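J.: What follows is my_file_21.txt; its format and atoms are compact mmCIF, C-alpha atoms and all ligand atoms.
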```txt
# COMPACT_ATOMS: atom_id res chain seq x y z
CA MET A 150 118.01 -76.44 120.59
CA LYS A 151 116.89 -79.33 118.47
CA SER A 152 113.25 -78.25 118.53
CA PHE A 153 114.30 -74.67 117.76
CA ARG A 154 116.18 -75.88 114.71
CA LEU A 155 113.20 -77.98 113.73
CA SER A 156 110.81 -75.05 113.95
CA ILE A 157 113.14 -72.94 111.79
CA LEU A 158 113.21 -75.78 109.27
CA VAL A 159 109.41 -76.07 109.33
CA ALA A 160 109.00 -72.30 108.91
CA PHE A 161 111.53 -72.30 106.05
CA THR A 162 109.87 -75.23 104.30
CA PHE A 163 106.52 -73.48 104.62
CA LEU A 164 107.91 -70.28 103.14
CA VAL A 165 109.49 -72.12 100.24
CA ALA A 166 106.28 -74.06 99.59
CA CYS A 167 104.34 -70.81 99.32
CA ASP A 168 106.92 -69.11 97.16
CA ASP A 169 106.22 -69.03 93.43
CA SER A 170 109.86 -69.72 92.61
CA THR A 171 109.62 -73.31 93.85
CA ASP A 172 110.04 -75.80 91.03
CA PRO A 173 106.44 -76.84 90.35
CA ALA A 174 107.72 -80.44 90.10
CA GLU A 175 108.26 -80.28 93.86
CA LEU A 176 104.73 -79.16 94.65
CA THR A 177 101.98 -81.58 95.67
CA THR A 178 98.89 -82.00 93.49
CA GLU A 179 96.91 -80.05 96.10
CA GLN A 180 99.37 -77.15 95.85
CA ILE A 181 99.18 -77.18 92.04
CA ILE A 182 95.37 -77.14 92.27
CA GLU A 183 95.51 -74.26 94.74
CA ARG A 184 97.87 -72.22 92.59
CA GLY A 185 96.17 -73.18 89.30
CA SER A 186 92.70 -72.31 90.53
CA GLU A 187 93.89 -68.92 91.76
CA ILE A 188 95.49 -68.16 88.37
CA ALA A 189 92.58 -69.52 86.28
CA GLY A 190 90.07 -67.72 88.52
CA LYS A 191 91.84 -64.39 88.12
CA SER A 192 92.13 -64.95 84.34
CA GLN A 193 88.45 -65.78 84.07
CA SER A 194 87.37 -62.65 86.00
CA ALA A 195 89.74 -60.46 83.98
CA LEU A 196 88.38 -61.83 80.72
CA ALA A 197 84.75 -61.57 81.86
CA SER A 198 85.11 -57.95 82.94
CA THR A 199 86.85 -56.97 79.67
CA LEU A 200 84.14 -58.78 77.69
CA VAL A 201 81.24 -57.21 79.62
CA ALA A 202 82.79 -53.72 79.36
CA GLN A 203 83.13 -54.12 75.58
CA ILE A 204 79.56 -55.42 75.21
CA GLU A 205 78.28 -52.40 77.15
CA LYS A 206 80.38 -50.09 75.01
CA SER A 207 79.79 -51.48 71.53
CA GLY A 208 77.35 -54.40 71.69
CA PHE A 209 78.05 -58.07 70.94
CA GLU A 210 79.28 -57.25 67.43
CA GLY A 211 81.90 -54.90 68.85
CA ALA A 212 82.90 -57.37 71.56
CA VAL A 213 83.70 -60.31 69.29
CA SER A 214 87.47 -59.83 69.60
CA PHE A 215 87.33 -59.71 73.38
CA CYS A 216 86.61 -63.35 74.26
CA HIS A 217 90.31 -64.04 73.91
CA VAL A 218 92.77 -64.90 76.67
CA ASN A 219 95.11 -62.12 75.59
CA ALA A 220 92.31 -59.53 75.38
CA SER A 221 93.13 -58.62 78.96
CA PRO A 222 96.62 -57.44 79.93
CA ILE A 223 95.96 -59.04 83.33
CA VAL A 224 96.32 -62.50 81.79
CA ASP A 225 99.71 -61.55 80.33
CA SER A 226 100.88 -60.23 83.66
CA LEU A 227 99.66 -63.38 85.44
CA GLU A 228 101.72 -65.46 82.99
CA ALA A 229 104.82 -63.41 83.70
CA ALA A 230 104.32 -63.24 87.47
CA HIS A 231 103.78 -66.99 87.90
CA ASP A 232 105.95 -68.23 85.02
CA VAL A 233 103.02 -70.12 83.51
CA LYS A 234 101.25 -70.38 80.18
CA ILE A 235 97.52 -69.68 80.30
CA ARG A 236 95.20 -70.83 77.52
CA ARG A 237 91.77 -72.29 76.83
CA THR A 238 90.86 -75.36 74.84
CA SER A 239 87.69 -77.06 73.66
CA PHE A 240 86.53 -80.00 71.51
CA ARG A 241 84.30 -77.53 69.65
CA HIS A 242 86.50 -74.51 69.22
CA ARG A 243 86.06 -71.24 67.39
CA ASN A 244 89.74 -70.41 66.95
CA PRO A 245 91.75 -73.33 65.49
CA ASN A 246 94.67 -72.23 67.73
CA ASN A 247 92.64 -73.52 70.66
CA GLU A 248 92.55 -77.05 69.28
CA PRO A 249 93.23 -79.58 72.04
CA ASP A 250 96.40 -81.70 71.97
CA GLU A 251 96.43 -85.32 73.13
CA LEU A 252 96.67 -84.59 76.85
CA ASP A 253 93.99 -81.90 76.54
CA ARG A 254 91.74 -84.42 74.80
CA ASP A 255 92.11 -86.94 77.63
CA VAL A 256 91.02 -84.35 80.17
CA LEU A 257 88.24 -82.86 78.02
CA SER A 258 86.85 -86.41 77.62
CA ILE A 259 86.80 -86.87 81.40
CA PHE A 260 84.98 -83.56 81.82
CA GLU A 261 82.55 -84.34 79.00
CA GLU A 262 81.65 -87.77 80.37
CA LYS A 263 81.07 -86.38 83.85
CA SER A 264 79.00 -83.53 82.49
CA GLU A 265 76.86 -85.93 80.45
CA SER A 266 76.17 -88.06 83.51
CA GLY A 267 75.28 -84.98 85.54
CA GLU A 268 78.32 -85.13 87.85
CA ASP A 269 80.07 -82.05 89.19
CA LEU A 270 83.24 -81.17 87.30
CA THR A 271 86.32 -80.62 89.43
CA PRO A 272 89.84 -79.52 88.35
CA VAL A 273 92.31 -82.09 87.01
CA VAL A 274 96.13 -82.05 87.10
CA LYS A 275 98.20 -83.83 84.42
CA THR A 276 101.94 -83.98 83.91
CA ASP A 277 103.93 -84.48 80.73
CA SER A 278 107.66 -84.21 80.05
CA GLU A 279 107.61 -80.41 79.80
CA ALA A 280 104.94 -79.13 82.12
CA ILE A 281 102.47 -79.76 84.86
CA ARG A 282 99.05 -78.79 83.61
CA TYR A 283 96.14 -77.62 85.68
CA TYR A 284 92.74 -77.98 83.97
CA GLN A 285 89.62 -76.13 85.06
CA PRO A 286 86.25 -76.78 83.41
CA ILE A 287 84.39 -73.91 81.70
CA MET A 288 80.59 -74.02 81.68
CA VAL A 289 78.19 -71.98 79.53
CA MET A 290 76.46 -69.06 81.23
CA PRO A 291 73.56 -66.99 79.82
CA LEU A 292 75.90 -64.24 78.52
CA CYS A 293 77.89 -66.78 76.49
CA THR A 294 74.96 -68.04 74.40
CA ASN A 295 74.79 -64.63 72.65
CA CYS A 296 77.95 -65.64 70.82
CA HIS A 297 78.08 -69.44 71.28
CA GLY A 298 74.36 -70.35 71.23
CA MET A 299 72.10 -71.71 68.52
CA PRO A 300 72.48 -69.71 65.27
CA GLY A 301 69.29 -67.84 64.44
CA GLU A 302 68.14 -68.16 68.06
CA SER A 303 70.23 -67.00 71.01
CA LEU A 304 73.02 -66.20 68.52
CA THR A 305 71.45 -63.87 65.94
CA ALA A 306 71.96 -64.59 62.25
CA ASP A 307 73.75 -61.24 61.77
CA LEU A 308 76.21 -61.84 64.58
CA HIS A 309 76.78 -65.40 63.40
CA ALA A 310 77.63 -64.12 59.91
CA LEU A 311 80.07 -61.63 61.40
CA ILE A 312 81.72 -64.36 63.50
CA LEU A 313 81.98 -66.66 60.46
CA ASP A 314 83.77 -63.90 58.55
CA GLU A 315 86.52 -63.97 61.12
CA TYR A 316 86.34 -67.67 62.03
CA PRO A 317 85.22 -69.60 58.91
CA ASP A 318 85.70 -72.98 60.64
CA ASP A 319 83.84 -72.00 63.81
CA GLU A 320 82.56 -75.04 65.71
CA ALA A 321 81.74 -73.21 68.94
CA VAL A 322 78.00 -72.71 68.41
CA GLY A 323 74.83 -74.52 69.47
CA TYR A 324 75.63 -74.35 73.19
CA GLU A 325 72.98 -74.02 75.89
CA VAL A 326 73.28 -72.60 79.39
CA GLY A 327 74.88 -75.17 81.70
CA ASP A 328 76.67 -77.05 78.89
CA PHE A 329 80.30 -78.03 79.29
CA ARG A 330 82.20 -75.64 77.01
CA GLY A 331 85.92 -76.39 77.46
CA ALA A 332 88.75 -75.83 79.90
CA TRP A 333 91.20 -73.30 81.20
CA VAL A 334 94.72 -74.73 81.07
CA VAL A 335 97.47 -73.36 83.30
CA GLU A 336 100.84 -74.86 82.38
CA PHE A 337 103.61 -74.76 84.96
CA ALA A 338 106.98 -75.32 83.29
CA THR A 339 109.09 -77.71 85.31
CA LYS A 340 112.76 -76.91 85.79
CA GLN A 341 113.86 -80.53 85.88
CA GLU A 342 115.57 -80.57 82.48
CA SER A 343 118.02 -77.82 83.43
CA LYS A 344 119.16 -79.74 86.54
C1 LIG A 401 80.97 -61.21 72.08
C2 LIG A 401 80.94 -62.60 71.69
C3 LIG A 401 81.37 -63.64 72.70
C4 LIG A 401 80.85 -63.84 73.95
C5 LIG A 401 79.78 -63.05 74.68
C6 LIG A 401 81.55 -65.00 74.48
N1 LIG A 401 82.44 -65.49 73.57
FE1 LIG A 401 83.66 -67.07 73.81
N2 LIG A 401 84.55 -66.69 72.06
C7 LIG A 401 84.20 -65.66 71.19
C8 LIG A 401 85.19 -65.58 70.14
C9 LIG A 401 85.19 -64.62 68.97
C10 LIG A 401 86.15 -66.61 70.42
C11 LIG A 401 87.41 -66.92 69.65
C12 LIG A 401 88.56 -66.21 70.38
C13 LIG A 401 89.93 -66.47 69.82
O1 LIG A 401 90.20 -66.03 68.71
O2 LIG A 401 90.71 -67.12 70.53
C14 LIG A 401 85.72 -67.26 71.64
C15 LIG A 401 86.42 -68.29 72.23
C16 LIG A 401 86.02 -68.94 73.37
C17 LIG A 401 86.71 -70.06 73.96
C18 LIG A 401 88.04 -70.67 73.50
C19 LIG A 401 87.86 -71.92 72.71
C20 LIG A 401 87.42 -71.64 71.29
O3 LIG A 401 86.23 -71.88 71.02
O4 LIG A 401 88.23 -71.17 70.48
C21 LIG A 401 86.01 -70.43 75.07
C22 LIG A 401 86.34 -71.56 76.02
C23 LIG A 401 84.90 -69.52 75.16
N3 LIG A 401 84.92 -68.64 74.11
C24 LIG A 401 83.97 -69.57 76.17
C25 LIG A 401 83.06 -68.54 76.39
C26 LIG A 401 82.25 -68.46 77.59
C27 LIG A 401 82.25 -69.47 78.72
C28 LIG A 401 81.52 -67.31 77.49
C29 LIG A 401 80.58 -66.72 78.51
C30 LIG A 401 81.17 -66.37 79.77
C31 LIG A 401 81.86 -66.70 76.21
N4 LIG A 401 82.79 -67.48 75.58
C32 LIG A 401 81.31 -65.53 75.73
C33 LIG A 401 83.11 -64.84 71.31
C34 LIG A 401 82.36 -64.67 72.46
```
Starting from the file, give its structure as structure tokens.
T.:
Amino acid sequence: MKSFRLSILVAFTFLVACDDSTDPAELTTEQIIERGSEIAGKSQSALASTLVAQIEKSGFEGAVSFCHVNASPIVDSLEAAHDVKIRRTSFRHRNPNNEPDELDRDVLSIFEEKSESGEDLTPVVKTDSEAIRYYQPIMVMPLCTNCHGMPGESLTADLHALILDEYPDDEAVGYEVGDFRGAWVVEFATKQESK
């Protein structure tokens, strides 16, 4: 009887651990990484497919508004389904809304140092009073340099001018393939305060 009860308890604990309604504060770092990487991975693919579809349809000029986390409704539905906030941040950002806060800066510095010394970048989890944050590094791929590369080279002067019209303080240029670009941030709100 005892072992039966125990197995029910184990099964129940397992179910709860896999359920999205668990207070993220009760999850282990490994579980946050698992959940965060699934959410960031899906966001990244959704964004990439929207971006590529727009480039095919109307060229890089026409696709400028589609490298945005909310350009894909999938990202919005992931936020609602998992009760998380999904965003991107970078030291050299194009949109000032993506400016890193203090915690973001700490993590971006870790990623940047590792990238400079040629180490592999792996996800980082940080906690503050309001949320548990999952950070996933973003690297520059060939497609990206069309809009984030060296002006006058991989980023044409015309496209650069168009980008500057919309983003006069753009800092997100001059990147090369393989550079560290920034991070996906998935914020899991903790329910501790309401307890
Ligand atoms: C068609 C042009 C275009 C392409 C291609 C493109 N981006 Fe962007 N990217 C932009 C624009 C415009 C923004 C500003 C979006 C906003 O308003 O939030 C941006 C923003 C970003 C940001 C958010 C931080 C910031 O700078 O504000 C990251 C990270 C980023 N891009 C990475 C990439 C990566 C990685 C790729 C390749 C997979 C890529 N981009 C391809 C135009 C592009």
J.: Which residues, protein or nucleic acid, reach to within 8 Å of (74.5, -71.4, 72.6) in the file's coordinates when using only C-alpha atoms, and can you give that as a list in words?
T.: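 Those residues, ordered by chain and then number, are Val289, Cys293, Thr294, Asn295, Cys296, His297, Gly298, Met299, Pro300, Ser303, Leu304, Val322, Gly323, Tyr324, Glu325 and Val326 of chain A.
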J.: Compute the set of protein, DNA and RNA residues whose minimum atom distance to ligand LIG 401 (chain A) is at most 7 Å, using all atoms listed in the file, and state it as a PyMOL selection string.
T.: chain A and resi 197+200+204+209-210+212-218+237-239+241-245+247+287-290+292-297+312+321+330-332
J.: Enter the distance from atom CA of Leu311 of chain A to atom CA of Thr199 of chain A, in Å, rounded to one decimal.
T.: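 These atoms are spaced 20.0 Å apart.
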J.: Quote the spacing between atom CA of Glu187 of chain A and atom CA of Val224 of chain A in Å to one decimal place.
T.: 12.1 Å
J.: Give me, as a PyMOL selection string, all polymer residues having an atom no more than 12 Å from Leu257 of chain A, counting only C-alpha atoms and skipping those fewer than 5 positions away in the same chain.
T.: chain A and resi 237-241+248-252+262-264+270-273+275+284-287+329-334
J.: I'd like the interatomic distance between atom CA of Val274 of chain A and atom CA of Glu320 of chain A, to a tenth of an Å.
T.: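 Pair atom CA of Val274 of chain A / atom CA of Glu320 of chain A returns 26.3 Å.
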